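Beneath this line is the structure, given in structure tokens, with notes to follow.
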There are 2 protein chains.
Amino acid sequence: MKLTLPSGVTAATFSQALRAFAGVVGQDWVLATDEDRGTYMDAYAVGDGSDHVPSAAVAPQSVEEIQAILRIANEHKIPLWPVSRGKNLGYGEAAPLLSGSIVLDLGRMNRVLDINEKTGTALLEPGVSFFDLYGLLRQQNIPLWLSVPGNAWGSVIGNALERGLGYTPYGDHTSKLCGLEVVLPSGDLVRTGMGAMATSTSWQNYQHGFGPGWDQMFVQSNFGVVTKGGFWLMPEPEATLRVTIDLPQPDDIGWFIDEMTQLRLRGVIEQPFVCGNYLRQATVFSEREDWYRGPGAIPDAVGAQIRQQFKTGWWSAGFTLFGYEEVVQANAKIIRRVLEPRLGHTLKFEAWHRGQPIERSGAGVPDLLSLQIVNWRGGRGGHVGFSPVMPPDGKLALAQFRKMKARFDEFGFDYYGSFTLGHRHINNVNLIIYDRDDAAMTASARKLFATMVDDAARDGYGEYRTHLSFMQQVADSFDFNGHALARLNATVKNALDPNGILAPGKNGIWSKS
Amino acid sequence: MKLTLPSGVTAATFSQALRAFAGVVGQDWVLATDEDRGTYMDAYAVGDGSDHVPSAAVAPQSVEEIQAILRIANEHKIPLWPVSRGKNLGYGEAAPLLSGSIVLDLGRMNRVLDINEKTGTALLEPGVSFFDLYGLLRQQNIPLWLSVPGNAWGSVIGNALERGLGYTPYGDHTSKLCGLEVVLPSGDLVRTGMGAMATSTSWQNYQHGFGPGWDQMFVQSNFGVVTKGGFWLMPEPEATLRVTIDLPQPDDIGWFIDEMTQLRLRGVIEQPFVCGNYLRQATVFSEREDWYRGPGAIPDAVGAQIRQQFKTGWWSAGFTLFGYEEVVQANAKIIRRVLEPRLGHTLKFEAWHRGQPIERSGAGVPDLLSLQIVNWRGGRGGHVGFSPVMPPDGKLALAQFRKMKARFDEFGFDYYGSFTLGHRHINNVNLIIYDRDDAAMTASARKLFATMVDDAARDGYGEYRTHLSFMQQVADSFDFNGHALARLNATVKNALDPNGILAPGKNGIWSKS
């Protein structure tokens with residue numbers, strides 16, 4: 001990828017900055033060839049990715065190097081785009097929002113600084129991946145479990161900082177952050193929570209600290225570069241029980257959400273879990289052309305064949321109960337009492353006990369299986385998910401499903417929808433899978449996405465996380481009192497980063513410069 | 001209490017501001033007589049309270065009135081001290097940190113704006129007390145339960161904003177906040193979380209929102225006046241089981257903390273619960289002179305008499321299991337399996353089932369019983385608690401107990417200590433009860449407190465919440481990188497409140513002016 005300079009920066013200034021960066025990290029860790037730039041592009045860009053082109057990357061190995069890099073960036077007014085491991089797949093990967101930004105690649109900072117088996121806490125650098133941490137825990141036989149997202153290449157801390165999800169009781173990753181170390185745009189180094197006390201022995205134990213709680217301010221924002229993160233891990237349970245529930249009819253989503261909401265709220269089911277339509281399995285284990293080569297969205301009759309082949313419902317949902325043997329058994333009994341009369345058949349739970357292979361336990365075991373879905377449409381696969389947050393209400397979920405399904409039909413995409421039940425909310429994921437080599441289809445995907453943002457905002461649903469290409473539109477949909485939150489964010493951004501060098505535009509946050 | 005003007009404000013300017021306030025809220029709601037000022041003083045001040053004297057109070061009834069008050073305060077450079085209900089007992093009550101501040105009393109804004117029975121959410125104004133909300137839930141027969149702090153006069157939202165605790169699975173009140181409406185010092189009105197979307201239907205459902213999470217930034221800080229708060233309530237369980245555990249020896253705290261840490265971490269016990277020494281009961285149900293009239297701390301032999309009388313251990317802990325019948329039974333079995341071999345006797349659980357009177361359920365039922373403790377020493381009772389956060393580790397807890405007990409002995413106070421077990425941390429509360437009419441004793445209480453702050457900081461323990469009189473010392477104990485967190489807080493404070501009119505000094509946060 002050819003060089004795009006940061007806006008307002010001359011080639012001479014840019015070169016000078018790169019030389020200065022090389023003085024800090026060594027020439028090998030300043031990556032500025034066409035090929036280098038290509039590796040930091042978004043492989044799943046919604047279009048050709050030319051909206052979000054990095055000019056270079058710099059990869060520090062220490063806090064001091066980051067401080068020096070920020071000083072140079074301030075001097076030269078060059079925007080930096082920090083990534084933990086750059087595997088933010090479906091959301092822009094390593095690519096920056098603002099073209100010409102230099103990617104600040106933290107992948108070399110990958111130390112596991114502490115794991116406390118007794119209290120289930122860890123202190124991690126941002127370059128530690130789910131694979132890394134999982135490997136370490138297994139290798140050292142530490143009975144702590146991970147919760148992993150679909151793509152386990154990514155950073156544990158990075159995922160939590162973007163509000164990624166996994167599927168154990170610790171699946172709301174951002175809520176498991178406990179204390180951060182952050183380099184501010186000024187270069188000042190701060191620790192949040194109890195870590196703000198130099199002698200602290202409780203940094204990873206207590207999330208709130210004394211005074212305002214900063215951790216969530218560094219999430220989905222551009223107020224600092226996180227260099228260490230406290231993170232909570234789940235103690236290995238004695239037993240688990242896993243069950244899959246198939247719902248035959250599209251309209252079943254309504255009653256199912258209502259019943260499950262009560263079970264989630266009352267702690268019978270403790271994990272966020274997905275109830276998704278049959279395309280979730282079809283896209284992982286087959287390709288579209290195995291089923292259909294015609295125009296428009298897959299017809300209902302073909303959908304029926306897919307369901308028959310995979311022996312799955314219109315919707316299906318799987319979840320696991322984790323804990324002591326007698327407790328998971330008691331919870332399974334409650335679930336059966338609630339669901340079996342509605343389903344008309346008995347539920348079969350698959351049991352796991354401590355000592356059996358972890359792969360069938362329901363623990364987070366890193367894999368990349370879900371990346372298969374991008375091959376569904378052929379060509380270089382792209383996927384982008386529109387994920388509004390909704391109240392956990394069956395009637396609303398049913399209406400939302402119908403509305404989104406109609407939009408997919410209208411734009412000629414196969415409806416791939418799911419409802420992830422959080423503690424008191426739903427993430428309604430609408431995944432558009434398209435062929436990046438088909439320019440018309442890509443443009444159509446983009447238009448479908450933008451249409452859904454507006455549809456959802458009209459119903460009072462906002463997104464919780466989004467792809468670079470839609471960050472501004474989604475941020476703009478948060479419009480209370482003439483975008484008061486954006487004004488507040490900008491005021492703080494301006495105070496912390498007056499030159500606007502850190503990830504300008506991320507989640508709609510800009511400084512005045 | 002005689003008038004103390006805000007620093008740098010003339011009597012004429014002050015009078016002008018009061019007249020302007022009266023123009024906003026009406027003359028009746030500007031409270032500026034000597035008697036008025038007295039009612040906003042701290043009844044439990046550590047000393048005569050002359051360090052924290054309000055000059056007046058103003059009590060608005062709407063967001064618009066608050067905006068107008070902030071405008072006037074900015075114009076006249078007069079500091080405001082917002083209180084929800086002003087019942088922050090033991091931490092300064094309604095009194096301001098900076099003498100001469102005008103108390104912004106939000107007690108009239110006491111509407112319950114929404115309660116959603118199905119999702120367990122509420123939207124409250126800051127003037128709603130625990131008594132108010134409890135009364136409403138019972139009156140309308142809504143099966144949602146409160147978690148209440150010792151003093152139920154206080155504000156639900158105010159308590160959460162100060163990180164108050166209760167004793168159900170919803171006892172970490174601050175973590176149950178979900179979306180705030182805030183008037184910023186500039187007068188701008190912002191809603192956090194999903195409420196930042198004007199049409200939002202999920203404001204009380206999802207805590208994180210899009211972009212940085214602001215809720216915890218308005219906690220224990222002075223960045224805005226919270227005018228509405230989303231708050232999560234616990235669905236009434238089917239059953240509860242309550243148990244009290246007595247530990248005969250002081251050293252039992254060590255093994256007990258270790259065992260209970262694992263039960264807390266694994267969700268067998270879901271509430272924060274207190275393990276406190278025998279003075280917790282003695283101070284509620286008797287007075288010191290019933291037992292001892294001599295000098296210094298109560299001798300061990302008298303302690304033994306107290307324990308015998310109340311049939312209690314050196315330590316005792318009580319907690320409740322909440323949930324479905326078969327789940328609480330299963331959890332009780334696990335607790336018995338762990339504790340009975342150590343205790344050498346069987347545990348007796350007291351059962352409650354839905355439909356029985358709520359008072360014996362373990363639900364939060366507001367009362368004021370714990371306020372009795374202040375009468376322990378006679379005179380006008382004062383109490384102040386030093387509450388450092390610690391890792392949940394028995395060896396550390398035992399060492400901390402011994403160290404604090406020695407300090408109480410040294411300063412001649414009766415040791416009143418407890419360890420509240422949070423999810424992954426301990427709050428070690430050391431409560432000093434003293435006679436405010438005894439100047440020497442009060443001075444000694446103050447000195448004991450200050451000594452404990454330093455003791456704890458040396459061991460890496462910082463406080464999670466503190467009385468006005470110690471806010472600066474505690475804030476100063478958070479000293480990583482030359483007080484980097486204080487610099488960060490000040491930068492944001494300055495950006496949001498350049499005139500420093502909102503609660504200057506709260507939790508150690510000052511703007512440059």
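Residues in the structure tokens are named by chain (A, B, ... in the order shown) and by number from 1 within that chain; ligands are numbered from 1 in the order shown.
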
**Request:** Check the DSSP output for the backbone and give back, as number ranges by chain, the residues of range 279-346 of chain A in helix (DSSP H, G or I).
**Result:** A: 279-285, 288-290, 300-310, 325-343

**Request:** Find, counting only C-alpha atoms, the residue in B:Arg293, B:Arg85, B:Lys333, B:Lys395 that gets nearest to chain A.
**Result:** B:Lys333

**Prompt:** Hey, what's within 10 Å of range 382-385 of chain A if we count only C-alpha atoms and toss same-chain stuff fewer than 6 positions away? As a PyMOL selection string, please?
**Reply:** chain A and resi 42-47+89-92+371+373-376+416-417+428-437+442+445-446+449+465-467

Any chance you can output those residues with C-alpha atoms as a PDB file, in the first residue's frame?
ATOM      1  CA  ASP A  42      -8.132  -4.147   7.405  1.00  0.00           C
ATOM      2  CA  ALA A  43      -8.526  -7.463   5.597  1.00  0.00           C
ATOM      3  CA  TYR A  44     -12.278  -7.187   6.095  1.00  0.00           C
ATOM      4  CA  ALA A  45     -12.626  -3.529   5.155  1.00  0.00           C
ATOM      5  CA  VAL A  46     -16.085  -2.548   3.974  1.00  0.00           C
ATOM      6  CA  GLY A  47     -14.766  -1.408   0.592  1.00  0.00           C
ATOM      7  CA  LEU A  89     -11.378  -8.488  13.198  1.00  0.00           C
ATOM      8  CA  GLY A  90     -14.658  -7.185  11.845  1.00  0.00           C
ATOM      9  CA  TYR A  91     -14.066  -3.809  13.506  1.00  0.00           C
ATOM     10  CA  GLY A  92     -11.110  -2.545  11.464  1.00  0.00           C
ATOM     11  CA  LEU A 371     -13.466 -17.078  11.163  1.00  0.00           C
ATOM     12  CA  ILE A 373     -17.848 -17.716   8.178  1.00  0.00           C
ATOM     13  CA  VAL A 374     -16.150 -15.167   5.954  1.00  0.00           C
ATOM     14  CA  ASN A 375     -15.848 -17.751   3.190  1.00  0.00           C
ATOM     15  CA  TRP A 376     -19.637 -18.044   2.884  1.00  0.00           C
ATOM     16  CA  TYR A 416     -27.575 -13.960   9.867  1.00  0.00           C
ATOM     17  CA  GLY A 417     -28.960 -12.717  13.124  1.00  0.00           C
ATOM     18  CA  ASN A 428     -28.673  -8.086  18.669  1.00  0.00           C
ATOM     19  CA  VAL A 429     -25.967  -8.992  16.173  1.00  0.00           C
ATOM     20  CA  ASN A 430     -26.833  -8.677  12.487  1.00  0.00           C
ATOM     21  CA  LEU A 431     -23.900 -10.023  10.529  1.00  0.00           C
ATOM     22  CA  ILE A 432     -23.464  -9.073   6.893  1.00  0.00           C
ATOM     23  CA  ILE A 433     -21.211 -11.497   5.037  1.00  0.00           C
ATOM     24  CA  TYR A 434     -20.131 -10.324   1.624  1.00  0.00           C
ATOM     25  CA  ASP A 435     -17.576 -10.835  -1.112  1.00  0.00           C
ATOM     26  CA  ARG A 436     -14.985  -8.066  -0.975  1.00  0.00           C
ATOM     27  CA  ASP A 437     -14.100  -8.707  -4.598  1.00  0.00           C
ATOM     28  CA  THR A 442     -19.662  -4.377  -0.849  1.00  0.00           C
ATOM     29  CA  ALA A 445     -23.380  -4.141   2.495  1.00  0.00           C
ATOM     30  CA  ARG A 446     -22.301  -0.682   3.513  1.00  0.00           C
ATOM     31  CA  PHE A 449     -25.393  -1.297   7.603  1.00  0.00           C
ATOM     32  CA  ARG A 465     -19.191  -1.425  19.358  1.00  0.00           C
ATOM     33  CA  THR A 466     -18.674  -0.840  15.706  1.00  0.00           C
ATOM     34  CA  HIS A 467     -16.371  -0.976  12.702  1.00  0.00           C
TER      35      HIS A 467
END

Write out as a PDB file with N, CA and C atoms, in the first residue's frame which residues come within 7 Å of Ala330 in chain B when counting only C-alpha atoms, dropping same-chain ones fewer than 4 positions away.
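Result went into out-v2.pdb, see below:
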ATOM      1  N   GLU A 326     -23.633 -30.188  42.754  1.00  0.00           N
ATOM      2  CA  GLU A 326     -25.039 -30.139  43.182  1.00  0.00           C
ATOM      3  C   GLU A 326     -25.725 -28.850  42.746  1.00  0.00           C
ATOM      4  N   VAL A 327     -24.943 -27.791  42.577  1.00  0.00           N
ATOM      5  CA  VAL A 327     -25.529 -26.512  42.159  1.00  0.00           C
ATOM      6  C   VAL A 327     -25.889 -26.538  40.673  1.00  0.00           C
TER       7      VAL A 327
ATOM      8  N   GLU B 326     -33.791 -25.237  45.568  1.00  0.00           N
ATOM      9  CA  GLU B 326     -32.801 -26.318  45.445  1.00  0.00           C
ATOM     10  C   GLU B 326     -31.380 -25.775  45.329  1.00  0.00           C
ATOM     11  N   ILE B 334     -22.591 -27.144  50.585  1.00  0.00           N
ATOM     12  CA  ILE B 334     -21.167 -26.885  50.314  1.00  0.00           C
ATOM     13  C   ILE B 334     -20.524 -26.121  51.481  1.00  0.00           C
TER      14      ILE B 334
END

**Message:** Just want the 10 Å neighbourhood of Leu184 in chain B, counted on only C-alpha atoms, with same-chain residues fewer than 6 positions away dropped. Output as number ranges by chain.
**Reply:** A: 488; B: 66-67, 70, 190, 222-226, 496-497, 502

**Request:** Considering only C-alpha atoms, return as a PyMOL selection string whatever protein or nucleic-acid residues lie within 6 Å of Gly166 in chain B, sequence-local ones (same chain, fewer than 2 positions apart) excluded.
**Result:** chain B and resi 147-149+171

**Request:** Give me the residues within 10 Å of Met452 in chain A as JSON, numbers by chain, counting only C-alpha atoms and dropping any in the same chain fewer than 2 places off.
**Result:** {"A": [386, 387, 388, 403, 404, 407, 408, 430, 447, 448, 449, 450, 454, 455, 456, 457, 458]}

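Using only C-alpha atoms, the nearest neighbour of chain B within the list A:Ile102, A:Leu165, A:Val492, A:Leu97 is A:Val492.
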
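Pairwise distance (CA of Thr320 in chain A, CA of Pro235 in chain B) equals 22.2 Å.
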
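One finds CA of Asn427 in chain B at 26.8 Å from CA of Pro237 in chain B.
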
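Distances to Thr261 in chain B were evaluated for B:Ala17, B:His425, B:Val328, B:Pro498 using only C-alpha atoms, and the minimum falls at B:His425.
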
**Top pick for closest residue to Asp290 in chain B, considering B:Arg336, B:Arg264, B:Lys176, B:Arg377 and counting only C-alpha atoms** = B:Arg377
